[in-house]
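Coordinates from model32.cif are shown below (mmCIF, C-alpha atoms).
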```
data_structure
#
loop_
_atom_site.label_atom_id
_atom_site.label_comp_id
_atom_site.auth_asym_id
_atom_site.auth_seq_id
_atom_site.Cartn_x
_atom_site.Cartn_y
_atom_site.Cartn_z
CA MET A 1 -38.37 -34.94 -46.12
CA LYS A 2 -36.57 -37.64 -44.20
CA LEU A 3 -33.48 -35.49 -44.46
CA LEU A 4 -35.03 -32.69 -42.46
CA PRO A 5 -34.34 -34.08 -38.96
CA ILE A 6 -30.75 -34.89 -39.97
CA THR A 7 -30.21 -31.42 -41.46
CA LEU A 8 -31.78 -29.91 -38.40
CA ALA A 9 -29.59 -31.98 -36.08
CA PHE A 10 -26.51 -30.94 -38.03
CA PHE A 11 -27.56 -27.29 -37.92
CA VAL A 12 -28.22 -27.41 -34.19
CA SER A 13 -24.91 -29.10 -33.41
CA SER A 14 -22.89 -26.70 -35.57
CA CYS A 15 -24.66 -23.63 -34.26
CA CYS A 16 -24.32 -24.59 -30.63
CA MET A 17 -20.65 -25.25 -30.25
CA GLY A 18 -20.10 -21.85 -28.67
CA GLN A 19 -17.67 -19.30 -30.05
CA SER A 20 -14.01 -19.31 -29.08
CA ILE A 21 -13.12 -17.09 -26.17
CA GLU A 22 -10.73 -14.28 -26.98
CA SER A 23 -8.25 -12.83 -24.50
CA VAL A 24 -8.30 -9.06 -24.86
CA LYS A 25 -6.63 -6.01 -23.38
CA LEU A 26 -8.64 -2.90 -22.57
CA GLU A 27 -7.47 -1.16 -25.72
CA SER A 28 -8.88 -3.80 -28.04
CA LEU A 29 -12.13 -3.85 -26.08
CA GLN A 30 -12.37 -0.08 -26.56
CA LYS A 31 -11.65 -0.45 -30.29
CA ARG A 32 -14.37 -3.04 -30.51
CA ILE A 33 -16.81 -0.66 -28.86
CA LYS A 34 -15.96 2.04 -31.40
CA SER A 35 -16.04 -0.19 -34.47
CA SER A 36 -19.34 -2.00 -33.90
CA ASP A 37 -22.13 -1.05 -36.29
CA LYS A 38 -24.82 -2.55 -34.09
CA ILE A 39 -26.32 -1.60 -30.74
CA LEU A 40 -23.79 -3.00 -28.31
CA VAL A 41 -24.77 -4.75 -25.10
CA ILE A 42 -21.65 -5.32 -23.00
CA ASN A 43 -22.09 -7.40 -19.88
CA PHE A 44 -19.30 -7.49 -17.31
CA TRP A 45 -19.52 -10.75 -15.41
CA ALA A 46 -17.51 -13.53 -13.79
CA THR A 47 -17.93 -17.27 -13.27
CA TRP A 48 -17.93 -16.78 -9.46
CA CYS A 49 -20.69 -14.12 -9.52
CA ALA A 50 -24.13 -15.56 -8.64
CA PRO A 51 -26.29 -12.63 -9.88
CA CYS A 52 -24.24 -12.60 -13.11
CA ILE A 53 -25.04 -16.26 -13.75
CA LYS A 54 -28.70 -15.65 -12.94
CA GLU A 55 -29.04 -12.92 -15.57
CA LEU A 56 -27.09 -14.72 -18.35
CA PRO A 57 -30.24 -16.26 -19.90
CA LEU A 58 -31.61 -12.74 -20.56
CA LEU A 59 -28.43 -11.84 -22.48
CA GLU A 60 -28.38 -15.16 -24.31
CA LYS A 61 -31.99 -14.68 -25.37
CA LEU A 62 -31.26 -11.18 -26.62
CA ASN A 63 -28.25 -12.46 -28.57
CA GLN A 64 -30.41 -15.09 -30.22
CA ASP A 65 -33.51 -13.00 -30.89
CA ASN A 66 -32.15 -9.62 -31.96
CA ALA A 67 -29.78 -9.57 -34.94
CA GLY A 68 -29.50 -5.79 -34.67
CA VAL A 69 -27.74 -6.12 -31.34
CA GLU A 70 -24.22 -7.33 -30.61
CA VAL A 71 -23.92 -8.99 -27.21
CA LEU A 72 -20.46 -9.15 -25.64
CA LEU A 73 -19.96 -11.05 -22.40
CA VAL A 74 -16.76 -9.64 -20.91
CA SER A 75 -15.41 -12.03 -18.27
CA MET A 76 -13.66 -10.30 -15.38
CA ASP A 77 -12.40 -13.58 -13.93
CA TYR A 78 -8.75 -12.72 -14.69
CA ASP A 79 -8.61 -10.27 -11.78
CA LEU A 80 -8.82 -13.19 -9.31
CA ASP A 81 -7.76 -16.14 -11.47
CA PRO A 82 -5.70 -15.80 -14.70
CA ASP A 83 -6.72 -19.27 -15.98
CA ILE A 84 -8.97 -18.85 -19.06
CA GLU A 85 -9.83 -22.57 -19.00
CA LYS A 86 -12.25 -22.02 -16.13
CA VAL A 87 -14.25 -19.64 -18.32
CA LYS A 88 -14.09 -22.06 -21.26
CA ARG A 89 -15.43 -24.88 -19.09
CA PHE A 90 -18.20 -22.60 -17.85
CA GLN A 91 -19.11 -21.66 -21.43
CA ALA A 92 -19.30 -25.33 -22.45
CA ARG A 93 -21.31 -26.33 -19.38
CA LYS A 94 -23.84 -23.52 -19.85
CA LYS A 95 -23.76 -23.88 -23.67
CA LEU A 96 -23.30 -20.11 -24.02
CA GLN A 97 -23.75 -18.77 -27.55
CA SER A 98 -22.93 -15.08 -27.07
CA LYS A 99 -19.43 -13.84 -27.80
CA ILE A 100 -17.21 -14.05 -24.70
CA LEU A 101 -14.13 -11.90 -24.14
CA PHE A 102 -11.59 -12.55 -21.38
CA LEU A 103 -10.21 -9.23 -20.19
CA THR A 104 -6.58 -9.65 -19.12
CA GLU A 105 -5.87 -6.43 -17.25
CA THR A 106 -4.49 -5.91 -13.75
CA ASP A 107 -4.85 -2.82 -11.51
CA PRO A 108 -8.60 -2.17 -12.04
CA ASN A 109 -8.35 1.33 -10.59
CA ALA A 110 -6.41 2.31 -13.71
CA TRP A 111 -9.15 1.36 -16.17
CA ILE A 112 -12.64 1.07 -14.59
CA ASP A 113 -13.31 4.76 -15.28
CA LYS A 114 -12.21 4.30 -18.91
CA ILE A 115 -15.08 1.86 -19.39
CA ASP A 116 -17.61 4.10 -17.62
CA LYS A 117 -17.05 6.73 -14.95
CA ARG A 118 -20.34 5.80 -13.25
CA TRP A 119 -19.31 2.16 -12.80
CA THR A 120 -18.25 1.29 -9.23
CA GLY A 121 -16.48 -1.88 -10.38
CA ALA A 122 -19.10 -4.15 -8.78
CA LEU A 123 -20.35 -7.10 -10.82
CA PRO A 124 -22.55 -7.56 -12.69
CA ALA A 125 -22.63 -4.38 -14.76
CA THR A 126 -24.14 -3.95 -18.20
CA LEU A 127 -23.55 -1.21 -20.76
CA VAL A 128 -25.95 -0.58 -23.65
CA ILE A 129 -24.32 1.61 -26.31
CA ASN A 130 -25.56 3.12 -29.54
CA THR A 131 -22.20 3.36 -31.33
CA GLU A 132 -23.57 5.90 -33.86
CA THR A 133 -24.86 8.47 -31.38
CA ASN A 134 -22.73 7.36 -28.43
CA ALA A 135 -25.86 7.24 -26.26
CA ARG A 136 -25.12 4.83 -23.42
CA GLU A 137 -26.97 3.34 -20.49
CA LEU A 138 -25.32 1.60 -17.55
CA VAL A 139 -27.03 -0.95 -15.30
CA GLN A 140 -25.26 -1.90 -12.08
CA GLY A 141 -26.59 -5.03 -10.44
CA GLU A 142 -28.74 -7.86 -11.73
CA LEU A 143 -30.82 -7.18 -14.85
CA LYS A 144 -34.58 -7.46 -14.61
CA ASP A 145 -36.68 -9.19 -17.22
CA GLY A 146 -37.39 -6.75 -20.06
CA GLN A 147 -34.85 -4.19 -18.87
CA LEU A 148 -32.43 -4.76 -21.76
CA GLU A 149 -35.18 -4.20 -24.33
CA THR A 150 -36.18 -0.94 -22.59
CA LEU A 151 -32.58 0.29 -22.58
CA ILE A 152 -32.06 -0.63 -26.24
CA LYS A 153 -35.15 1.43 -27.12
CA LYS A 154 -33.83 4.27 -24.99
CA VAL A 155 -30.47 4.49 -26.77
CA THR A 156 -32.05 3.96 -30.18
CA ASN A 157 -34.51 6.84 -30.00
CA MET B 1 -52.48 23.71 -5.20
CA LYS B 2 -49.11 24.89 -6.40
CA SER B 3 -47.44 23.81 -3.19
CA ILE B 4 -49.01 20.36 -3.44
CA LEU B 5 -47.69 19.96 -7.00
CA LEU B 6 -44.31 21.19 -5.87
CA SER B 7 -44.14 18.71 -3.02
CA ILE B 8 -45.21 15.91 -5.34
CA ALA B 9 -42.44 16.96 -7.73
CA VAL B 10 -39.91 17.02 -4.89
CA VAL B 11 -40.95 13.55 -3.75
CA LEU B 12 -40.68 12.24 -7.32
CA ILE B 13 -37.25 13.77 -7.83
CA CYS B 14 -36.00 12.37 -4.53
CA ALA B 15 -37.36 8.93 -5.34
CA ALA B 16 -35.74 8.93 -8.77
CA SER B 17 -32.27 10.05 -7.78
CA PRO B 18 -29.92 7.27 -6.69
CA ILE B 19 -28.45 7.33 -3.21
CA LYS B 20 -25.28 9.32 -3.42
CA GLY B 21 -23.50 8.43 -0.19
CA TYR B 22 -20.45 10.20 1.16
CA GLU B 23 -17.81 11.92 -0.88
CA VAL B 24 -14.27 12.50 0.33
CA GLY B 25 -14.37 15.46 2.74
CA ASP B 26 -17.92 14.76 3.97
CA THR B 27 -18.52 14.09 7.66
CA ALA B 28 -19.93 10.65 8.33
CA ALA B 29 -22.69 9.95 10.83
CA ASP B 30 -21.87 7.46 13.57
CA PHE B 31 -23.79 4.17 13.61
CA LYS B 32 -24.75 1.60 16.22
CA LEU B 33 -24.82 -1.97 14.92
CA LYS B 34 -24.78 -5.45 16.42
CA ASN B 35 -21.39 -7.14 16.57
CA VAL B 36 -20.76 -10.89 16.24
CA ASP B 37 -20.42 -11.01 20.05
CA GLY B 38 -23.99 -9.74 20.43
CA LYS B 39 -22.97 -6.28 21.70
CA MET B 40 -23.82 -3.02 19.97
CA VAL B 41 -20.83 -1.10 18.54
CA ALA B 42 -20.49 2.55 17.54
CA MET B 43 -17.43 4.48 16.39
CA ALA B 44 -17.82 6.64 19.51
CA ASP B 45 -16.99 3.55 21.61
CA PHE B 46 -13.36 3.84 20.50
CA LYS B 47 -12.41 6.60 22.91
CA THR B 48 -8.73 6.82 21.96
CA ALA B 49 -9.16 6.38 18.20
CA LYS B 50 -7.36 8.79 15.86
CA GLY B 51 -9.50 7.56 13.00
CA TYR B 52 -11.31 4.52 11.63
CA ILE B 53 -10.89 1.97 8.85
CA ILE B 54 -14.50 1.10 7.98
CA ILE B 55 -14.75 -1.89 5.64
CA PHE B 56 -18.02 -3.02 4.04
CA ASP B 57 -17.39 -6.72 3.72
CA CYS B 58 -19.17 -10.07 3.68
CA ASN B 59 -18.66 -13.83 4.08
CA THR B 60 -19.49 -14.98 0.59
CA CYS B 61 -17.78 -12.75 -1.98
CA PRO B 62 -14.55 -14.27 -3.38
CA TYR B 63 -12.96 -10.81 -3.14
CA SER B 64 -13.82 -10.65 0.56
CA LYS B 65 -12.28 -14.09 1.00
CA ALA B 66 -9.17 -13.03 -0.93
CA TYR B 67 -8.79 -10.00 1.33
CA SER B 68 -9.75 -11.41 4.75
CA ASP B 69 -6.16 -12.07 5.86
CA ARG B 70 -5.12 -8.60 4.66
CA ILE B 71 -8.00 -7.07 6.65
CA ILE B 72 -6.86 -8.94 9.78
CA ALA B 73 -3.31 -7.64 9.13
CA LEU B 74 -4.58 -4.06 8.75
CA ASN B 75 -6.20 -4.20 12.17
CA LYS B 76 -3.10 -5.81 13.72
CA LYS B 77 -0.94 -3.03 12.31
CA TYR B 78 -3.17 -0.02 12.90
CA ALA B 79 -5.56 -0.67 15.83
CA SER B 80 -2.73 -0.06 18.30
CA GLU B 81 -1.80 3.11 16.39
CA GLY B 82 -5.33 4.43 16.84
CA PHE B 83 -6.90 3.36 13.54
CA PRO B 84 -9.08 0.32 14.30
CA VAL B 85 -10.78 -1.75 11.58
CA ILE B 86 -14.57 -1.96 11.80
CA ALA B 87 -16.06 -4.43 9.30
CA ILE B 88 -19.73 -4.18 8.36
CA ASN B 89 -21.79 -6.79 6.50
CA SER B 90 -24.77 -5.19 4.71
CA ASN B 91 -25.72 -8.07 2.41
CA ASP B 92 -29.37 -9.14 2.45
CA ALA B 93 -29.21 -12.57 4.12
CA ALA B 94 -32.50 -13.52 2.45
CA GLN B 95 -30.66 -13.47 -0.90
CA SER B 96 -27.30 -14.61 0.40
CA SER B 97 -27.82 -17.17 3.16
CA GLY B 98 -24.07 -17.41 3.72
CA ASP B 99 -24.22 -13.85 5.06
CA SER B 100 -26.69 -14.52 7.88
CA TYR B 101 -25.76 -13.32 11.37
CA GLU B 102 -25.07 -16.91 12.44
CA GLU B 103 -22.69 -17.37 9.51
CA MET B 104 -20.97 -14.07 10.36
CA VAL B 105 -20.41 -15.33 13.91
CA ARG B 106 -18.98 -18.57 12.52
CA VAL B 107 -16.63 -16.86 10.02
CA ALA B 108 -15.41 -14.32 12.58
CA LYS B 109 -14.58 -17.15 14.96
CA GLN B 110 -12.98 -19.33 12.32
CA LYS B 111 -10.82 -16.49 10.96
CA GLY B 112 -10.08 -15.14 14.44
CA TYR B 113 -11.34 -11.61 13.74
CA ASP B 114 -10.11 -9.36 16.54
CA PHE B 115 -12.12 -6.40 15.26
CA PRO B 116 -15.86 -5.76 15.20
CA TYR B 117 -17.80 -7.49 12.41
CA LEU B 118 -21.16 -5.76 12.46
CA VAL B 119 -24.46 -6.68 10.85
CA ASP B 120 -26.20 -3.87 8.93
CA ASP B 121 -29.61 -5.56 8.79
CA ALA B 122 -31.48 -2.51 7.56
CA GLN B 123 -28.70 -1.71 5.05
CA SER B 124 -29.01 1.89 6.23
CA VAL B 125 -25.31 2.31 7.07
CA ALA B 126 -24.22 1.03 3.64
CA LYS B 127 -26.71 3.41 2.06
CA SER B 128 -25.65 6.46 4.04
CA PHE B 129 -21.98 5.74 3.30
CA GLY B 130 -22.72 4.96 -0.34
CA ALA B 131 -20.99 1.59 -0.16
CA THR B 132 -21.53 -0.48 -3.30
CA ASN B 133 -18.96 -3.29 -3.28
CA THR B 134 -17.41 -5.83 -0.96
CA PRO B 135 -14.84 -5.15 0.29
CA HIS B 136 -15.28 -1.36 0.12
CA VAL B 137 -13.14 0.77 2.43
CA PHE B 138 -13.86 4.17 3.98
CA VAL B 139 -11.00 5.68 6.00
CA LEU B 140 -12.33 8.30 8.43
CA THR B 141 -10.51 10.79 10.62
CA LYS B 142 -11.16 11.17 14.34
CA GLU B 143 -13.72 13.88 13.45
CA LEU B 144 -15.42 11.33 11.15
CA LYS B 145 -14.35 13.20 8.03
CA VAL B 146 -14.09 10.87 5.04
CA ALA B 147 -10.42 10.78 3.97
CA TYR B 148 -10.45 7.88 1.53
CA ILE B 149 -12.97 5.69 -0.33
CA GLY B 150 -12.04 2.60 -2.30
CA ALA B 151 -9.96 -0.55 -2.43
CA ILE B 152 -7.48 -2.00 0.06
CA ASP B 153 -4.72 -2.30 -2.57
CA ASP B 154 -4.17 -2.83 -6.28
CA SER B 155 -4.03 -6.63 -6.48
CA ALA B 156 -6.95 -8.70 -5.22
CA ARG B 157 -5.56 -11.95 -6.61
CA ASN B 158 -2.28 -12.07 -4.74
CA ALA B 159 -1.01 -10.05 -1.80
CA ASP B 160 2.54 -10.59 -3.13
CA ASP B 161 1.72 -8.76 -6.37
CA VAL B 162 0.56 -5.59 -4.62
CA THR B 163 2.42 -2.46 -5.69
CA LYS B 164 0.07 0.14 -4.18
CA LYS B 165 -1.18 -0.37 -0.63
CA TYR B 166 -3.85 2.34 -0.78
CA VAL B 167 -5.29 2.03 2.74
CA GLU B 168 -1.90 1.70 4.43
CA THR B 169 -0.60 4.74 2.54
CA VAL B 170 -3.61 6.83 3.57
CA VAL B 171 -3.49 5.79 7.24
CA ASP B 172 0.30 6.32 7.42
CA GLU B 173 -0.14 9.80 5.97
CA LEU B 174 -2.97 10.67 8.36
CA LEU B 175 -0.90 9.43 11.31
CA ALA B 176 1.97 11.65 10.12
CA GLY B 177 -0.40 14.62 9.98
CA LYS B 178 -0.25 14.73 6.17
CA LYS B 179 -2.99 15.06 3.61
CA PRO B 180 -3.70 11.69 1.94
CA SER B 181 -2.00 11.42 -1.45
CA VAL B 182 -4.76 9.12 -2.71
CA THR B 183 -8.42 9.72 -1.86
CA LYS B 184 -10.44 7.54 -4.21
CA THR B 185 -9.83 4.24 -5.99
CA LYS B 186 -11.97 1.64 -7.69
CA ALA B 187 -11.78 -2.14 -7.79
CA ILE B 188 -13.69 -5.04 -9.26
CA GLY B 189 -15.79 -6.68 -6.58
CA CYS B 190 -19.13 -8.13 -5.66
CA GLY B 191 -22.06 -5.78 -5.53
CA ILE B 192 -23.75 -5.46 -2.13
CA LYS B 193 -26.87 -7.64 -2.20
CA TRP B 194 -29.63 -5.07 -1.72
CA LYS B 195 -33.06 -6.01 -0.42
CA SER B 196 -35.57 -5.87 -3.25
CA ALA B 197 -37.60 -2.67 -2.98
#
```

Could you quickly redo this structure as structure tokens?
Amino acid sequence: MKLLPITLAFFVSSCCMGQSIESVKLESLQKRIKSSDKILVINFWATWCAPCIKELPLLEKLNQDNAGVEVLLVSMDYDLDPDIEKVKRFQARKKLQSKILFLTETDPNAWIDKIDKRWTGALPATLVINTETNARELVQGELKDGQLETLIKKVTN
Amino acid sequence: MKSILLSIAVVLICAASPIKGYEVGDTAADFKLKNVDGKMVAMADFKTAKGYIIIFDCNTCPYSKAYSDRIIALNKKYASEGFPVIAINSNDAAQSSGDSYEEMVRVAKQKGYDFPYLVDDAQSVAKSFGATNTPHVFVLTKELKVAYIGAIDDSARNADDVTKKYVETVVDELLAGKKPSVTKTKAIGCGIKWKSA
């Protein structure tokens, strides 16, 4: 019984290190979208974007609570600053648990439409995709409390 | 009864559909907004203009900061040719205090803006144009026809890395009496901070 707090402490520390951040090109992001067997929630964000930072807890909570959903936080920082370390420091400071990808593409006009034609390119933007049926919902602007759950239901039904 | 139901339906449909804004080829409505010098400015005030470079911009967005020198350069190059820059800040200052009118006055002075920097308090101009990002450019002809909607160029990070100067290309073509070879582009940017409904 005495072991429980120690085990718990070990579990907490190992769980909360945060996953490594992967640099990806658009093509591998698109492959990832196609190959996921869960409902995908892809959030396009950046460390400089205040409304993005404000809504991160909603995505983190979803990532923790719903095993049927894959949350991907796609950092768009590269467009202004190619240094991935800034994103890594941000992840550590905020103790982010969701998977973070660092998209290393230039010339946004060439690929924004490939992610979603409705997307203006403004941050934040969030895509909810049912990879089986290809039903997808796009939110542009800051997420409201409960909105992700509503959209997940919408693409599931 | 039928007509009442119909009008309710129409109201509901209108309320549900997002604001579309202008498409390329549409004719824009003129506006009258307060400049950082306290005077009201409309496009019609530019009597000799051959067209307009309307830029939805702000003080706070890192993209706006990255582009501010390029916006100043656009006005330097094209105002004398008849295509003045008019910058408009539509951000809700209640959410973004750095975009208050006082801060706009300060930034315009500090950066030495020699073009109007207008405050769109009611956000009605951004809505009628369909502006979504900062900076978001609309190049208009003298007749206020929308010729181009989108980004200034293809590299926000570094002006030296630019390979496609979208706005310059469009304005050069319009000045030469040609049809713009590019009419719509997209860029990553900050969303306009809309007032909560």

Determine the residue set returned by the PyMOL selection byres ((chain A) within 8 of (chain B)) for the present structure, and present it as a CSV table (one decimal) with C-alpha atoms, keeping the file's coordinate frame.
```
chain,number,residue,atom,x,y,z
A,48,TRP,CA,-17.9,-16.8,-9.5
A,49,CYS,CA,-20.7,-14.1,-9.5
A,79,ASP,CA,-8.6,-10.3,-11.8
A,80,LEU,CA,-8.8,-13.2,-9.3
A,81,ASP,CA,-7.8,-16.1,-11.5
A,106,THR,CA,-4.5,-5.9,-13.8
A,107,ASP,CA,-4.8,-2.8,-11.5
A,108,PRO,CA,-8.6,-2.2,-12.0
A,109,ASN,CA,-8.4,1.3,-10.6
A,112,ILE,CA,-12.6,1.1,-14.6
A,120,THR,CA,-18.2,1.3,-9.2
A,121,GLY,CA,-16.5,-1.9,-10.4
A,122,ALA,CA,-19.1,-4.2,-8.8
A,123,LEU,CA,-20.4,-7.1,-10.8
A,124,PRO,CA,-22.6,-7.6,-12.7
A,141,GLY,CA,-26.6,-5.0,-10.4
```

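Applied to the shown file, the PyMOL selection byres ((chain A and resi 100) around 6) selects the residues Ile21, Leu72, Leu73, Val74, Lys99 and Leu101 of chain A.
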
Could you tell me which residues the PyMOL selection byres ((chain B and resi 77-91) around 9) grabs in this file, written as a PyMOL selection string?
chain B and resi 33+35+43+46+48-59+71-76+92-96+99-100+104+115-126+134+139-142+168+171+175+192-195

Give me a file of those residues, with C-alpha atoms, as a JSON list (two decimals), in the coordinates of the input.
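In the end it all went to selection.json:
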```json
[["chain", "number", "residue", "atom", "x", "y", "z"],
["B", 33, "LEU", "CA", -24.82, -1.97, 14.92],
["B", 35, "ASN", "CA", -21.39, -7.14, 16.57],
["B", 43, "MET", "CA", -17.43, 4.48, 16.39],
["B", 46, "PHE", "CA", -13.36, 3.84, 20.50],
["B", 48, "THR", "CA", -8.73, 6.82, 21.96],
["B", 49, "ALA", "CA", -9.16, 6.38, 18.20],
["B", 50, "LYS", "CA", -7.36, 8.79, 15.86],
["B", 51, "GLY", "CA", -9.50, 7.56, 13.00],
["B", 52, "TYR", "CA", -11.31, 4.52, 11.63],
["B", 53, "ILE", "CA", -10.89, 1.97, 8.85],
["B", 54, "ILE", "CA", -14.50, 1.10, 7.98],
["B", 55, "ILE", "CA", -14.75, -1.89, 5.64],
["B", 56, "PHE", "CA", -18.02, -3.02, 4.04],
["B", 57, "ASP", "CA", -17.39, -6.72, 3.72],
["B", 58, "CYS", "CA", -19.17, -10.07, 3.68],
["B", 59, "ASN", "CA", -18.66, -13.83, 4.08],
["B", 71, "ILE", "CA", -8.00, -7.07, 6.65],
["B", 72, "ILE", "CA", -6.86, -8.94, 9.78],
["B", 73, "ALA", "CA", -3.31, -7.64, 9.13],
["B", 74, "LEU", "CA", -4.58, -4.06, 8.75],
["B", 75, "ASN", "CA", -6.20, -4.20, 12.17],
["B", 76, "LYS", "CA", -3.10, -5.81, 13.72],
["B", 92, "ASP", "CA", -29.37, -9.14, 2.45],
["B", 93, "ALA", "CA", -29.21, -12.57, 4.12],
["B", 94, "ALA", "CA", -32.50, -13.52, 2.45],
["B", 95, "GLN", "CA", -30.66, -13.47, -0.90],
["B", 96, "SER", "CA", -27.30, -14.61, 0.40],
["B", 99, "ASP", "CA", -24.22, -13.85, 5.06],
["B", 100, "SER", "CA", -26.69, -14.52, 7.88],
["B", 104, "MET", "CA", -20.97, -14.07, 10.36],
["B", 115, "PHE", "CA", -12.12, -6.40, 15.26],
["B", 116, "PRO", "CA", -15.86, -5.76, 15.20],
["B", 117, "TYR", "CA", -17.80, -7.49, 12.41],
["B", 118, "LEU", "CA", -21.16, -5.76, 12.46],
["B", 119, "VAL", "CA", -24.46, -6.68, 10.85],
["B", 120, "ASP", "CA", -26.20, -3.87, 8.93],
["B", 121, "ASP", "CA", -29.61, -5.56, 8.79],
["B", 122, "ALA", "CA", -31.48, -2.51, 7.56],
["B", 123, "GLN", "CA", -28.70, -1.71, 5.05],
["B", 124, "SER", "CA", -29.01, 1.89, 6.23],
["B", 125, "VAL", "CA", -25.31, 2.31, 7.07],
["B", 126, "ALA", "CA", -24.22, 1.03, 3.64],
["B", 134, "THR", "CA", -17.41, -5.83, -0.96],
["B", 139, "VAL", "CA", -11.00, 5.68, 6.00],
["B", 140, "LEU", "CA", -12.33, 8.30, 8.43],
["B", 141, "THR", "CA", -10.51, 10.79, 10.62],
["B", 142, "LYS", "CA", -11.16, 11.17, 14.34],
["B", 168, "GLU", "CA", -1.90, 1.70, 4.43],
["B", 171, "VAL", "CA", -3.49, 5.79, 7.24],
["B", 175, "LEU", "CA", -0.90, 9.43, 11.31],
["B", 192, "ILE", "CA", -23.75, -5.46, -2.13],
["B", 193, "LYS", "CA", -26.87, -7.64, -2.20],
["B", 194, "TRP", "CA", -29.63, -5.07, -1.72],
["B", 195, "LYS", "CA", -33.06, -6.01, -0.42]]
```

Please provide as a PyMOL selection string all residues within 12 Å of Lys54 in chain A, with the sequence filter that same-chain residues fewer than 6 positions apart are discarded (counting only C-alpha atoms).
chain A and resi 45-48+60+94+124+141-145

Neighbours of point (-11.4, -13.4, -18.5) within 7 Å, using all atoms listed in the file, written as a ChimeraX atom specification:
/A:23,74-78,84,87,101-104

Residue nearest Asn157 in chain A among A:Leu138, A:Pro57, A:Glu85, A:Ile39 (counting all atoms listed in the file):
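For Asn157 in chain A, the nearest of the given residues is A:Ile39.
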
Kindly give the distance, in Å, that separates CA of Ser36 in chain A and CA of Thr133 in chain A, rounded to a single decimal.
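Pair CA of Ser36 in chain A / CA of Thr133 in chain A returns 12.1 Å.
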
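Separating CA of Val41 in chain A from CA of Thr126 in chain A is a distance of 7.0 Å.
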
Give me, as a PDB file with C-alpha atoms, in the coordinates of the input, all polymer residues having an atom no more than 12 Å from Lys179 in chain B, counting all atoms listed in the file and skipping those fewer than 5 positions away in the same chain.
```pdb
ATOM      1  CA  GLY B  25     -14.370  15.460   2.740  1.00  0.00           C
ATOM      2  CA  THR B 141     -10.510  10.790  10.620  1.00  0.00           C
ATOM      3  CA  VAL B 146     -14.090  10.870   5.040  1.00  0.00           C
ATOM      4  CA  ALA B 147     -10.420  10.780   3.970  1.00  0.00           C
ATOM      5  CA  TYR B 148     -10.450   7.880   1.530  1.00  0.00           C
ATOM      6  CA  THR B 169      -0.600   4.740   2.540  1.00  0.00           C
ATOM      7  CA  VAL B 170      -3.610   6.830   3.570  1.00  0.00           C
ATOM      8  CA  VAL B 171      -3.490   5.790   7.240  1.00  0.00           C
ATOM      9  CA  ASP B 172       0.300   6.320   7.420  1.00  0.00           C
ATOM     10  CA  GLU B 173      -0.140   9.800   5.970  1.00  0.00           C
ATOM     11  CA  LEU B 174      -2.970  10.670   8.360  1.00  0.00           C
TER      12      LEU B 174
END
```

d(CA of Lys154 in chain A, CA of Ile33 in chain A) in Å:
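Separation between CA of Lys154 in chain A and CA of Ile33 in chain A: 18.1 Å.
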
Could you tell me which of B:Val167, B:Ala42, B:Val24, B:Val36 comes closest to Arg70 in chain B if we count only C-alpha atoms?
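Under the stated criterion, the closest residue is B:Val167.
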
Centre, edges in Å (one decimal): axis-aligned box, range 123-136 of chain B, 3 Å padding on all six sides, as lines of an AutoDock Vina configuration file:
```
center_x = -21.9
center_y = 0.3
center_z = 1.9
size_x = 20.2
size_y = 18.3
size_z = 16.4
```

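The residue set within 12 Å of Lys31 in chain A, counting only C-alpha atoms and dropping same-chain residues fewer than 5 places from it, reads Val24, Lys25, Leu26, Ser36, Ile115 and Thr131 of chain A.
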